[in-house]
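Next up, upload.csv (CSV, N, CA and C atoms):
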chain,number,residue,atom,x,y,z
A,1,MET,N,41.1,-7.9,-2.8
A,1,MET,CA,40.4,-8.4,-1.6
A,1,MET,C,40.5,-9.9,-1.5
A,2,TRP,N,40.9,-10.4,-0.4
A,2,TRP,CA,41.1,-11.8,-0.3
A,2,TRP,C,39.8,-12.5,0.0
A,3,GLU,N,39.7,-13.8,-0.2
A,3,GLU,CA,38.5,-14.6,-0.3
A,3,GLU,C,37.7,-14.7,1.0
A,4,PRO,N,38.3,-14.9,2.2
A,4,PRO,CA,37.4,-14.9,3.4
A,4,PRO,C,36.7,-13.6,3.7
A,5,GLN,N,37.3,-12.5,3.4
A,5,GLN,CA,36.7,-11.2,3.6
A,5,GLN,C,35.5,-11.0,2.6
A,6,LYS,N,35.6,-11.5,1.4
A,6,LYS,CA,34.6,-11.4,0.4
A,6,LYS,C,33.4,-12.3,0.9
A,7,ARG,N,33.6,-13.5,1.4
A,7,ARG,CA,32.6,-14.4,1.9
A,7,ARG,C,31.8,-13.7,3.0
A,8,TRP,N,32.6,-13.1,3.9
A,8,TRP,CA,32.0,-12.5,5.1
A,8,TRP,C,31.0,-11.3,4.7
A,9,ARG,N,31.4,-10.5,3.7
A,9,ARG,CA,30.5,-9.5,3.2
A,9,ARG,C,29.3,-10.0,2.5
A,10,MET,N,29.4,-11.1,1.8
A,10,MET,CA,28.2,-11.7,1.2
A,10,MET,C,27.3,-12.2,2.2
A,11,LYS,N,27.8,-12.8,3.3
A,11,LYS,CA,26.9,-13.4,4.3
A,11,LYS,C,26.2,-12.2,5.0
A,12,ASN,N,26.9,-11.1,5.3
A,12,ASN,CA,26.2,-10.0,5.9
A,12,ASN,C,25.2,-9.4,5.0
A,13,ARG,N,25.4,-9.3,3.7
A,13,ARG,CA,24.4,-8.8,2.8
A,13,ARG,C,23.1,-9.6,2.8
A,14,LYS,N,23.3,-10.9,2.8
A,14,LYS,CA,22.2,-11.8,2.8
A,14,LYS,C,21.4,-11.7,4.1
A,15,ARG,N,22.1,-11.6,5.2
A,15,ARG,CA,21.5,-11.5,6.5
A,15,ARG,C,20.7,-10.2,6.5
A,16,ALA,N,21.3,-9.1,6.0
A,16,ALA,CA,20.6,-7.8,6.1
A,16,ALA,C,19.4,-7.8,5.2
A,17,ASN,N,19.4,-8.4,4.0
A,17,ASN,CA,18.3,-8.6,3.2
A,17,ASN,C,17.2,-9.4,3.8
A,18,PHE,N,17.6,-10.4,4.5
A,18,PHE,CA,16.6,-11.3,5.2
A,18,PHE,C,15.9,-10.5,6.3
A,19,VAL,N,16.7,-9.7,7.1
A,19,VAL,CA,16.1,-8.9,8.2
A,19,VAL,C,15.2,-7.9,7.6
A,20,ALA,N,15.6,-7.2,6.5
A,20,ALA,CA,14.7,-6.2,5.9
A,20,ALA,C,13.4,-6.8,5.4
A,21,ASN,N,13.5,-7.9,4.8
A,21,ASN,CA,12.2,-8.6,4.3
A,21,ASN,C,11.3,-9.0,5.5
A,22,LEU,N,11.9,-9.4,6.5
A,22,LEU,CA,11.2,-9.8,7.7
A,22,LEU,C,10.5,-8.6,8.3
A,23,ARG,N,11.2,-7.5,8.4
A,23,ARG,CA,10.6,-6.3,9.0
A,23,ARG,C,9.4,-5.8,8.1
A,24,ARG,N,9.6,-5.9,6.8
A,24,ARG,CA,8.5,-5.5,5.9
A,24,ARG,C,7.2,-6.4,6.1
A,25,LYS,N,7.4,-7.7,6.3
A,25,LYS,CA,6.3,-8.6,6.5
A,25,LYS,C,5.6,-8.2,7.8
A,26,GLN,N,6.4,-7.9,8.8
A,26,GLN,CA,5.9,-7.6,10.1
A,26,GLN,C,5.0,-6.3,10.0
A,27,ARG,N,5.6,-5.3,9.3
A,27,ARG,CA,4.9,-4.0,9.1
A,27,ARG,C,3.5,-4.3,8.4
A,28,ARG,N,3.5,-5.1,7.5
A,28,ARG,CA,2.2,-5.4,6.7
A,28,ARG,C,1.1,-5.9,7.7
A,29,THR,N,1.5,-6.8,8.6
A,29,THR,CA,0.5,-7.4,9.5
A,29,THR,C,0.2,-6.4,10.6
A,30,GLU,N,1.1,-5.7,11.1
A,30,GLU,CA,0.9,-4.8,12.3
A,30,GLU,C,0.3,-3.5,11.9
A,31,GLU,N,0.7,-2.9,10.8
A,31,GLU,CA,0.2,-1.6,10.4
A,31,GLU,C,-0.6,-1.7,9.1
A,32,PRO,N,-1.9,-1.6,9.2
A,32,PRO,CA,-2.7,-1.7,8.0
A,32,PRO,C,-2.5,-0.6,6.9
A,33,TRP,N,-2.1,0.6,7.4
A,33,TRP,CA,-1.8,1.7,6.5
A,33,TRP,C,-0.6,1.4,5.6
A,34,TYR,N,0.3,0.6,6.1
A,34,TYR,CA,1.5,0.2,5.3
A,34,TYR,C,1.1,-0.5,4.0
A,35,LYS,N,0.2,-1.4,4.1
A,35,LYS,CA,-0.3,-2.2,3.0
A,35,LYS,C,-1.0,-1.2,2.0
A,36,THR,N,-1.8,-0.3,2.5
A,36,THR,CA,-2.4,0.7,1.7
A,36,THR,C,-1.3,1.5,0.9
A,37,TRP,N,-0.3,1.9,1.6
A,37,TRP,CA,0.8,2.7,0.9
A,37,TRP,C,1.5,1.9,-0.2
A,38,GLU,N,1.7,0.6,0.1
A,38,GLU,CA,2.3,-0.3,-0.9
A,38,GLU,C,1.5,-0.4,-2.1
A,39,ASN,N,0.2,-0.6,-2.0
A,39,ASN,CA,-0.8,-0.7,-3.1
A,39,ASN,C,-0.8,0.6,-3.9
A,40,ILE,N,-0.8,1.8,-3.2
A,40,ILE,CA,-0.8,3.1,-3.9
A,40,ILE,C,0.4,3.2,-4.7
A,41,TRP,N,1.6,2.9,-4.1
A,41,TRP,CA,2.8,3.0,-4.7
A,41,TRP,C,2.9,2.2,-6.0
A,42,LYS,N,2.4,0.9,-5.9
A,42,LYS,CA,2.4,0.0,-7.1
A,42,LYS,C,1.5,0.6,-8.2
A,43,ARG,N,0.4,1.2,-7.9
A,43,ARG,CA,-0.4,1.8,-8.9
A,43,ARG,C,0.2,2.9,-9.6
A,44,CYS,N,1.0,3.7,-8.9
A,44,CYS,CA,1.5,5.0,-9.5
A,44,CYS,C,2.9,4.8,-10.1
A,45,VAL,N,3.5,3.7,-10.1
A,45,VAL,CA,4.8,3.5,-10.7
A,45,VAL,C,4.7,2.9,-12.1
A,46,LYS,N,5.6,3.3,-13.0
A,46,LYS,CA,5.6,2.7,-14.3
A,46,LYS,C,6.0,1.3,-14.3
A,47,ASN,N,5.2,0.4,-14.8
A,47,ASN,CA,5.5,-1.0,-14.7
A,47,ASN,C,5.2,-1.6,-16.1
A,48,LYS,N,6.3,-2.0,-16.8
A,48,LYS,CA,6.1,-2.6,-18.1
A,48,LYS,C,5.5,-3.9,-18.1
A,49,ASP,N,5.6,-4.7,-17.0
A,49,ASP,CA,5.0,-6.0,-17.0
A,49,ASP,C,3.5,-6.0,-16.9
A,50,LYS,N,2.9,-5.1,-16.2
A,50,LYS,CA,1.5,-5.1,-16.0
A,50,LYS,C,0.9,-3.8,-16.6
A,51,LYS,N,0.3,-3.9,-17.7
A,51,LYS,CA,-0.3,-2.8,-18.4
A,51,LYS,C,-1.5,-2.2,-17.7
A,52,LYS,N,-2.2,-3.1,-17.0
A,52,LYS,CA,-3.4,-2.6,-16.3
A,52,LYS,C,-3.0,-1.6,-15.1
A,53,MET,N,-1.8,-1.9,-14.5
A,53,MET,CA,-1.4,-1.0,-13.4
A,53,MET,C,-0.8,0.3,-13.9
A,54,GLN,N,-0.6,0.5,-15.2
A,54,GLN,CA,0.0,1.7,-15.7
A,54,GLN,C,-1.0,2.8,-15.9
A,55,VAL,N,-2.3,2.5,-15.7
A,55,VAL,CA,-3.3,3.5,-16.0
A,55,VAL,C,-3.1,4.8,-15.1
A,56,TYR,N,-2.8,4.6,-13.8
A,56,TYR,CA,-2.6,5.8,-13.0
A,56,TYR,C,-1.3,6.5,-13.4
A,57,TYR,N,-0.3,5.8,-13.8
A,57,TYR,CA,0.9,6.4,-14.2
A,57,TYR,C,0.7,7.3,-15.5
A,58,GLU,N,0.0,6.7,-16.4
A,58,GLU,CA,-0.3,7.4,-17.7
A,58,GLU,C,-1.2,8.6,-17.5
A,59,LYS,N,-2.1,8.6,-16.5
A,59,LYS,CA,-2.9,9.7,-16.2
A,59,LYS,C,-2.1,10.8,-15.5
A,60,GLY,N,-1.0,10.5,-15.0
A,60,GLY,CA,-0.1,11.5,-14.3
A,60,GLY,C,-0.4,11.6,-12.8
A,61,ILE,N,-1.0,10.5,-12.3
A,61,ILE,CA,-1.3,10.5,-10.9
A,61,ILE,C,-0.1,9.8,-10.2
A,62,ARG,N,0.4,10.5,-9.2
A,62,ARG,CA,1.6,10.1,-8.5
A,62,ARG,C,1.4,9.9,-7.0
A,63,CYS,N,2.2,9.1,-6.4
A,63,CYS,CA,2.2,8.9,-4.9
A,63,CYS,C,3.0,9.9,-4.2
A,64,LYS,N,2.3,10.9,-3.6
A,64,LYS,CA,3.0,11.9,-2.9
A,64,LYS,C,2.6,11.9,-1.4
A,65,ILE,N,2.4,10.6,-1.0
A,65,ILE,CA,1.9,10.4,0.4
A,65,ILE,C,2.9,9.4,1.0
A,66,THR,N,3.1,9.6,2.3
A,66,THR,CA,4.0,8.7,3.0
A,66,THR,C,3.3,7.8,4.0
A,67,CYS,N,3.9,6.8,4.6
A,67,CYS,CA,3.3,6.0,5.5
A,67,CYS,C,2.8,6.8,6.8
A,68,ARG,N,3.6,7.7,7.1
A,68,ARG,CA,3.2,8.6,8.3
A,68,ARG,C,2.0,9.4,8.0
A,69,ASP,N,1.8,9.9,6.8
A,69,ASP,CA,0.6,10.6,6.4
A,69,ASP,C,-0.6,9.6,6.4
A,70,LEU,N,-0.4,8.4,5.9
A,70,LEU,CA,-1.5,7.4,5.9
A,70,LEU,C,-1.9,7.1,7.3
A,71,LYS,N,-0.9,7.0,8.2
A,71,LYS,CA,-1.2,6.7,9.6
A,71,LYS,C,-2.1,7.9,10.2
A,72,LYS,N,-1.7,9.1,9.9
A,72,LYS,CA,-2.5,10.3,10.4
A,72,LYS,C,-3.9,10.2,9.9
A,73,ILE,N,-4.1,9.9,8.6
A,73,ILE,CA,-5.4,9.7,8.0
A,73,ILE,C,-6.2,8.6,8.6
A,74,TRP,N,-5.5,7.5,8.9
A,74,TRP,CA,-6.1,6.3,9.5
A,74,TRP,C,-6.8,6.7,10.8
A,75,PHE,N,-6.1,7.4,11.6
A,75,PHE,CA,-6.7,7.8,12.9
A,75,PHE,C,-7.6,9.0,12.8
A,76,ARG,N,-7.4,9.9,11.9
A,76,ARG,CA,-8.3,11.0,11.7
A,76,ARG,C,-9.6,10.6,11.2
A,77,ASP,N,-9.7,9.6,10.3
A,77,ASP,CA,-11.0,9.1,9.8
A,77,ASP,C,-11.5,8.0,10.5
A,78,LYS,N,-10.8,7.5,11.6
A,78,LYS,CA,-11.2,6.4,12.4
A,78,LYS,C,-11.4,5.1,11.6
A,79,ALA,N,-10.5,4.8,10.8
A,79,ALA,CA,-10.6,3.7,9.9
A,79,ALA,C,-10.6,2.4,10.7
A,80,TYR,N,-10.0,2.4,11.9
A,80,TYR,CA,-9.9,1.2,12.7
A,80,TYR,C,-11.3,0.8,13.1
A,81,LEU,N,-12.3,1.6,13.0
A,81,LEU,CA,-13.7,1.3,13.4
A,81,LEU,C,-14.5,0.7,12.2
A,82,MET,N,-13.9,0.8,11.0
A,82,MET,CA,-14.6,0.4,9.8
A,82,MET,C,-14.5,-1.1,9.5
A,83,LEU,N,-15.5,-1.7,8.9
A,83,LEU,CA,-15.5,-3.1,8.6
A,83,LEU,C,-14.4,-3.4,7.6
A,84,ARG,N,-14.3,-2.6,6.5
A,84,ARG,CA,-13.3,-2.8,5.5
A,84,ARG,C,-12.9,-1.4,4.9
A,85,PRO,N,-11.9,-0.8,5.6
A,85,PRO,CA,-11.5,0.6,5.2
A,85,PRO,C,-10.9,0.6,3.8
A,86,SER,N,-11.1,1.6,3.0
A,86,SER,CA,-10.6,1.7,1.7
A,86,SER,C,-10.1,3.2,1.5
A,87,ILE,N,-9.0,3.4,0.8
A,87,ILE,CA,-8.5,4.7,0.6
A,87,ILE,C,-9.3,5.4,-0.6
A,88,ASP,N,-9.6,6.6,-0.5
A,88,ASP,CA,-10.3,7.3,-1.5
A,88,ASP,C,-9.7,8.7,-1.7
A,89,ARG,N,-9.6,9.1,-3.0
A,89,ARG,CA,-9.1,10.4,-3.3
A,89,ARG,C,-10.3,11.3,-3.5
A,90,LEU,N,-10.3,12.5,-2.8
A,90,LEU,CA,-11.4,13.4,-2.9
A,90,LEU,C,-11.6,13.9,-4.4
A,91,ASP,N,-10.4,14.3,-5.0
A,91,ASP,CA,-10.5,14.7,-6.4
A,91,ASP,C,-9.7,13.7,-7.2
A,92,SER,N,-10.4,12.9,-8.0
A,92,SER,CA,-9.7,11.8,-8.7
A,92,SER,C,-8.7,12.2,-9.7
A,93,ALA,N,-8.7,13.5,-10.1
A,93,ALA,CA,-7.7,14.0,-11.1
A,93,ALA,C,-6.4,14.3,-10.4
A,94,LYS,N,-6.4,14.4,-9.1
A,94,LYS,CA,-5.2,14.9,-8.4
A,94,LYS,C,-4.4,13.7,-7.8
A,95,ASN,N,-3.2,13.9,-7.4
A,95,ASN,CA,-2.3,12.9,-6.8
A,95,ASN,C,-2.8,12.4,-5.5
A,96,TYR,N,-2.2,11.3,-5.1
A,96,TYR,CA,-2.4,10.8,-3.7
A,96,TYR,C,-1.6,11.7,-2.8
A,97,SER,N,-2.2,12.5,-2.0
A,97,SER,CA,-1.5,13.4,-1.0
A,97,SER,C,-2.4,13.4,0.2
A,98,LEU,N,-1.8,14.0,1.3
A,98,LEU,CA,-2.4,14.1,2.6
A,98,LEU,C,-3.7,14.9,2.5
A,99,GLU,N,-3.7,15.9,1.7
A,99,GLU,CA,-4.9,16.8,1.6
A,99,GLU,C,-6.0,16.1,0.7
A,100,ASN,N,-5.6,15.2,-0.1
A,100,ASN,CA,-6.6,14.7,-1.1
A,100,ASN,C,-7.1,13.3,-0.8
A,101,CYS,N,-6.7,12.7,0.3
A,101,CYS,CA,-7.1,11.3,0.6
A,101,CYS,C,-7.9,11.2,1.9
A,102,ARG,N,-8.7,10.2,1.9
A,102,ARG,CA,-9.4,9.9,3.1
A,102,ARG,C,-9.7,8.4,3.1
A,103,TYR,N,-10.0,7.8,4.3
A,103,TYR,CA,-10.5,6.4,4.4
A,103,TYR,C,-12.0,6.4,4.5
A,104,ILE,N,-12.6,5.6,3.7
A,104,ILE,CA,-14.1,5.4,3.7
A,104,ILE,C,-14.3,3.9,3.7
A,105,GLU,N,-15.6,3.5,3.9
A,105,GLU,CA,-15.9,2.1,3.8
A,105,GLU,C,-15.8,1.6,2.3
A,106,TYR,N,-15.4,0.4,2.2
A,106,TYR,CA,-15.1,-0.2,0.9
A,106,TYR,C,-16.4,-0.2,0.0
A,107,LEU,N,-17.5,-0.5,0.6
A,107,LEU,CA,-18.8,-0.5,-0.1
A,107,LEU,C,-19.1,0.9,-0.7
A,108,GLU,N,-18.9,1.9,0.1
A,108,GLU,CA,-19.2,3.2,-0.3
A,108,GLU,C,-18.2,3.6,-1.5
A,109,ASN,N,-17.0,3.2,-1.3
A,109,ASN,CA,-16.0,3.5,-2.4
A,109,ASN,C,-16.4,2.8,-3.7
A,110,CYS,N,-16.9,1.6,-3.6
A,110,CYS,CA,-17.3,0.8,-4.8
A,110,CYS,C,-18.5,1.5,-5.4
A,111,ARG,N,-19.5,2.0,-4.7
A,111,ARG,CA,-20.6,2.7,-5.2
A,111,ARG,C,-20.2,3.9,-5.9
A,112,MET,N,-19.3,4.7,-5.4
A,112,MET,CA,-18.9,5.9,-6.0
A,112,MET,C,-18.0,5.7,-7.2
A,113,GLY,N,-17.3,4.5,-7.2
A,113,GLY,CA,-16.4,4.2,-8.4
A,113,GLY,C,-17.1,3.5,-9.5
A,114,GLY,N,-18.3,3.0,-9.2
A,114,GLY,CA,-19.1,2.3,-10.3
A,114,GLY,C,-18.7,0.8,-10.3
A,115,ILE,N,-18.2,0.2,-9.3
A,115,ILE,CA,-17.9,-1.2,-9.2
A,115,ILE,C,-19.1,-1.9,-8.6
A,116,ASN,N,-20.2,-1.9,-9.3
A,116,ASN,CA,-21.4,-2.4,-8.7
A,116,ASN,C,-21.4,-3.9,-8.3
A,117,ARG,N,-20.9,-4.7,-9.2
A,117,ARG,CA,-21.0,-6.2,-9.0
A,117,ARG,C,-20.2,-6.6,-7.8
A,118,ALA,N,-19.0,-6.0,-7.6
A,118,ALA,CA,-18.2,-6.3,-6.4
A,118,ALA,C,-18.9,-5.8,-5.1
A,119,SER,N,-19.5,-4.7,-5.2
A,119,SER,CA,-20.1,-4.1,-4.0
A,119,SER,C,-21.4,-4.9,-3.6
A,120,LYS,N,-22.1,-5.4,-4.6
A,120,LYS,CA,-23.3,-6.2,-4.4
A,120,LYS,C,-22.9,-7.5,-3.7
A,121,MET,N,-21.9,-8.2,-4.3
A,121,MET,CA,-21.4,-9.4,-3.7
A,121,MET,C,-21.0,-9.3,-2.2
A,122,LEU,N,-20.3,-8.2,-2.0
A,122,LEU,CA,-19.8,-7.9,-0.6
A,122,LEU,C,-20.9,-7.6,0.3
A,123,GLU,N,-21.9,-6.9,-0.2
A,123,GLU,CA,-23.1,-6.5,0.6
A,123,GLU,C,-23.9,-7.8,1.0
A,124,GLU,N,-24.0,-8.7,0.0
A,124,GLU,CA,-24.7,-10.0,0.3
A,124,GLU,C,-24.0,-10.8,1.4
A,125,LYS,N,-22.6,-10.8,1.3
A,125,LYS,CA,-21.8,-11.5,2.3
A,125,LYS,C,-22.0,-10.9,3.7
A,126,LEU,N,-22.0,-9.6,3.8
A,126,LEU,CA,-22.1,-8.9,5.0
A,126,LEU,C,-23.5,-9.1,5.6
A,127,CYS,N,-24.5,-9.0,4.8
A,127,CYS,CA,-25.9,-9.1,5.2
A,127,CYS,C,-26.2,-10.5,5.7
A,128,ASN,N,-25.6,-11.5,5.1
A,128,ASN,CA,-25.9,-12.9,5.5
A,128,ASN,C,-25.2,-13.3,6.8
A,129,LYS,N,-24.3,-12.5,7.3
A,129,LYS,CA,-23.6,-12.9,8.5
A,129,LYS,C,-24.5,-12.7,9.7

For the structure just supplied, provide its representation as structure tokens.
Amino acid sequence: MWEPQKRWRMKNRKRANFVANLRRKQRRTEEPWYKTWENIWKRCVKNKDKKKMQVYYEKGIRCKITCRDLKKIWFRDKAYLMLRPSIDRLDSAKNYSLENCRYIEYLENCRMGGINRASKMLEEKLCNK
């Protein structure tokens, strides 16, 4: 392969990566369920760098939900009306799937999960407004 053709391919790859990253950023701001999906996916993947994130992976919990499924759940549970929607698994031993997930208020999710300090702080902020 001669040099100009090689340069042309490299430029196109860089341009394609730039466009793909730009689209991802746009999706994060426009579609709130996309950010939820990203966070779920990060929790369920084996990650050697972050031991804390491996807890879900070691428990055998996998991400078997798509962005389209999360969009369905978003509108089914009317998460757009919530102050701070949070994804919740109905059965915490099962995977993230369409049948096992729902959107609930963050405070309710904290109370159920035992994160009392965070929920109290958020309650105080919301009550003071």

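With atom CA of Gly113 of chain A on one side and atom CA of Thr36 of chain A on the other, the separation reads 17.6 Å.
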
Pull the alpha helix (DSSP H) assignments for segment 54-83 of chain A out of DSSP run on the backbone, and list those residues as an mmCIF file with N, CA and C atoms, in the frame of the given file.
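The resulting file, out_23.cif, is shown below:
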data_model
loop_
_atom_site.group_PDB
_atom_site.id
_atom_site.type_symbol
_atom_site.label_atom_id
_atom_site.label_comp_id
_atom_site.auth_asym_id
_atom_site.auth_seq_id
_atom_site.Cartn_x
_atom_site.Cartn_y
_atom_site.Cartn_z
ATOM 1 N N VAL A 55 -2.300 2.500 -15.700
ATOM 2 C CA VAL A 55 -3.300 3.500 -16.000
ATOM 3 C C VAL A 55 -3.100 4.800 -15.100
ATOM 4 N N TYR A 56 -2.800 4.600 -13.800
ATOM 5 C CA TYR A 56 -2.600 5.800 -13.000
ATOM 6 C C TYR A 56 -1.300 6.500 -13.400
ATOM 7 N N TYR A 57 -0.300 5.800 -13.800
ATOM 8 C CA TYR A 57 0.900 6.400 -14.200
ATOM 9 C C TYR A 57 0.700 7.300 -15.500
ATOM 10 N N GLU A 58 0.000 6.700 -16.400
ATOM 11 C CA GLU A 58 -0.300 7.400 -17.700
ATOM 12 C C GLU A 58 -1.200 8.600 -17.500
ATOM 13 N N LYS A 59 -2.100 8.600 -16.500
ATOM 14 C CA LYS A 59 -2.900 9.700 -16.200
ATOM 15 C C LYS A 59 -2.100 10.800 -15.500
ATOM 16 N N CYS A 67 3.900 6.800 4.600
ATOM 17 C CA CYS A 67 3.300 6.000 5.500
ATOM 18 C C CYS A 67 2.800 6.800 6.800
ATOM 19 N N ARG A 68 3.600 7.700 7.100
ATOM 20 C CA ARG A 68 3.200 8.600 8.300
ATOM 21 C C ARG A 68 2.000 9.400 8.000
ATOM 22 N N ASP A 69 1.800 9.900 6.800
ATOM 23 C CA ASP A 69 0.600 10.600 6.400
ATOM 24 C C ASP A 69 -0.600 9.600 6.400
ATOM 25 N N LEU A 70 -0.400 8.400 5.900
ATOM 26 C CA LEU A 70 -1.500 7.400 5.900
ATOM 27 C C LEU A 70 -1.900 7.100 7.300
ATOM 28 N N LYS A 71 -0.900 7.000 8.200
ATOM 29 C CA LYS A 71 -1.200 6.700 9.600
ATOM 30 C C LYS A 71 -2.100 7.900 10.200
ATOM 31 N N LYS A 72 -1.700 9.100 9.900
ATOM 32 C CA LYS A 72 -2.500 10.300 10.400
ATOM 33 C C LYS A 72 -3.900 10.200 9.900
ATOM 34 N N ILE A 73 -4.100 9.900 8.600
ATOM 35 C CA ILE A 73 -5.400 9.700 8.000
ATOM 36 C C ILE A 73 -6.200 8.600 8.600
ATOM 37 N N TRP A 74 -5.500 7.500 8.900
ATOM 38 C CA TRP A 74 -6.100 6.300 9.500
ATOM 39 C C TRP A 74 -6.800 6.700 10.800
ATOM 40 N N PHE A 75 -6.100 7.400 11.600
ATOM 41 C CA PHE A 75 -6.700 7.800 12.900
ATOM 42 C C PHE A 75 -7.600 9.000 12.800
ATOM 43 N N ARG A 76 -7.400 9.900 11.900
ATOM 44 C CA ARG A 76 -8.300 11.000 11.700
ATOM 45 C C ARG A 76 -9.600 10.600 11.200
#

What separates atom C of Ile65 of chain A and atom C of Glu30 of chain A is a distance of 17.1 Å

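Among A:Tyr103, A:Tyr96, A:Phe18, A:Tyr34, the residue with the shortest atom-to-atom distance to Cys63 of chain A, counting all atoms listed in the file, is A:Tyr96.
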
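Note that atom C of Trp33 of chain A and atom N of Lys78 of chain A are 13.3 Å apart.
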
Rank A:Glu38, A:Leu70, A:Pro85, A:Ser97 by their smallest atom-to-atom distance to Arg24 of chain A, using only C-alpha atoms, and report the top residue only.
A:Glu38

Name the closest residue to Asn109 of chain A among the candidates A:Val55, A:Val45, A:Ile87, A:Ala93; distances are taken between atoms, counting only N, CA and C atoms.
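Among A:Val55, A:Val45, A:Ile87, A:Ala93, it is A:Ile87 that comes nearest to Asn109 of chain A.
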
With a distance cut-off of 12 Å and only C-alpha atoms, select the neighbouring residues of Asp91 of chain A, excluding the residue or stretch itself and same-chain residues fewer than 5 positions from it, and output the selection as a PyMOL selection string.
chain A and resi 61+96-97+99-102

Counting only C-alpha atoms, the option among A:Leu98, A:Ile104, A:Val19, A:Cys44 closest to Asp77 of chain A
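Distance minimum relative to Asp77 of chain A lands on A:Ile104.
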
For each of A:Asn17, A:Ile40, A:Arg84, A:Tyr106, take the minimum atom-to-atom distance to Arg62 of chain A, counting all atoms listed in the file, then give the residue where this is smallest.
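Comparing A:Asn17, A:Ile40, A:Arg84, A:Tyr106 against Arg62 of chain A, the winner is A:Ile40.
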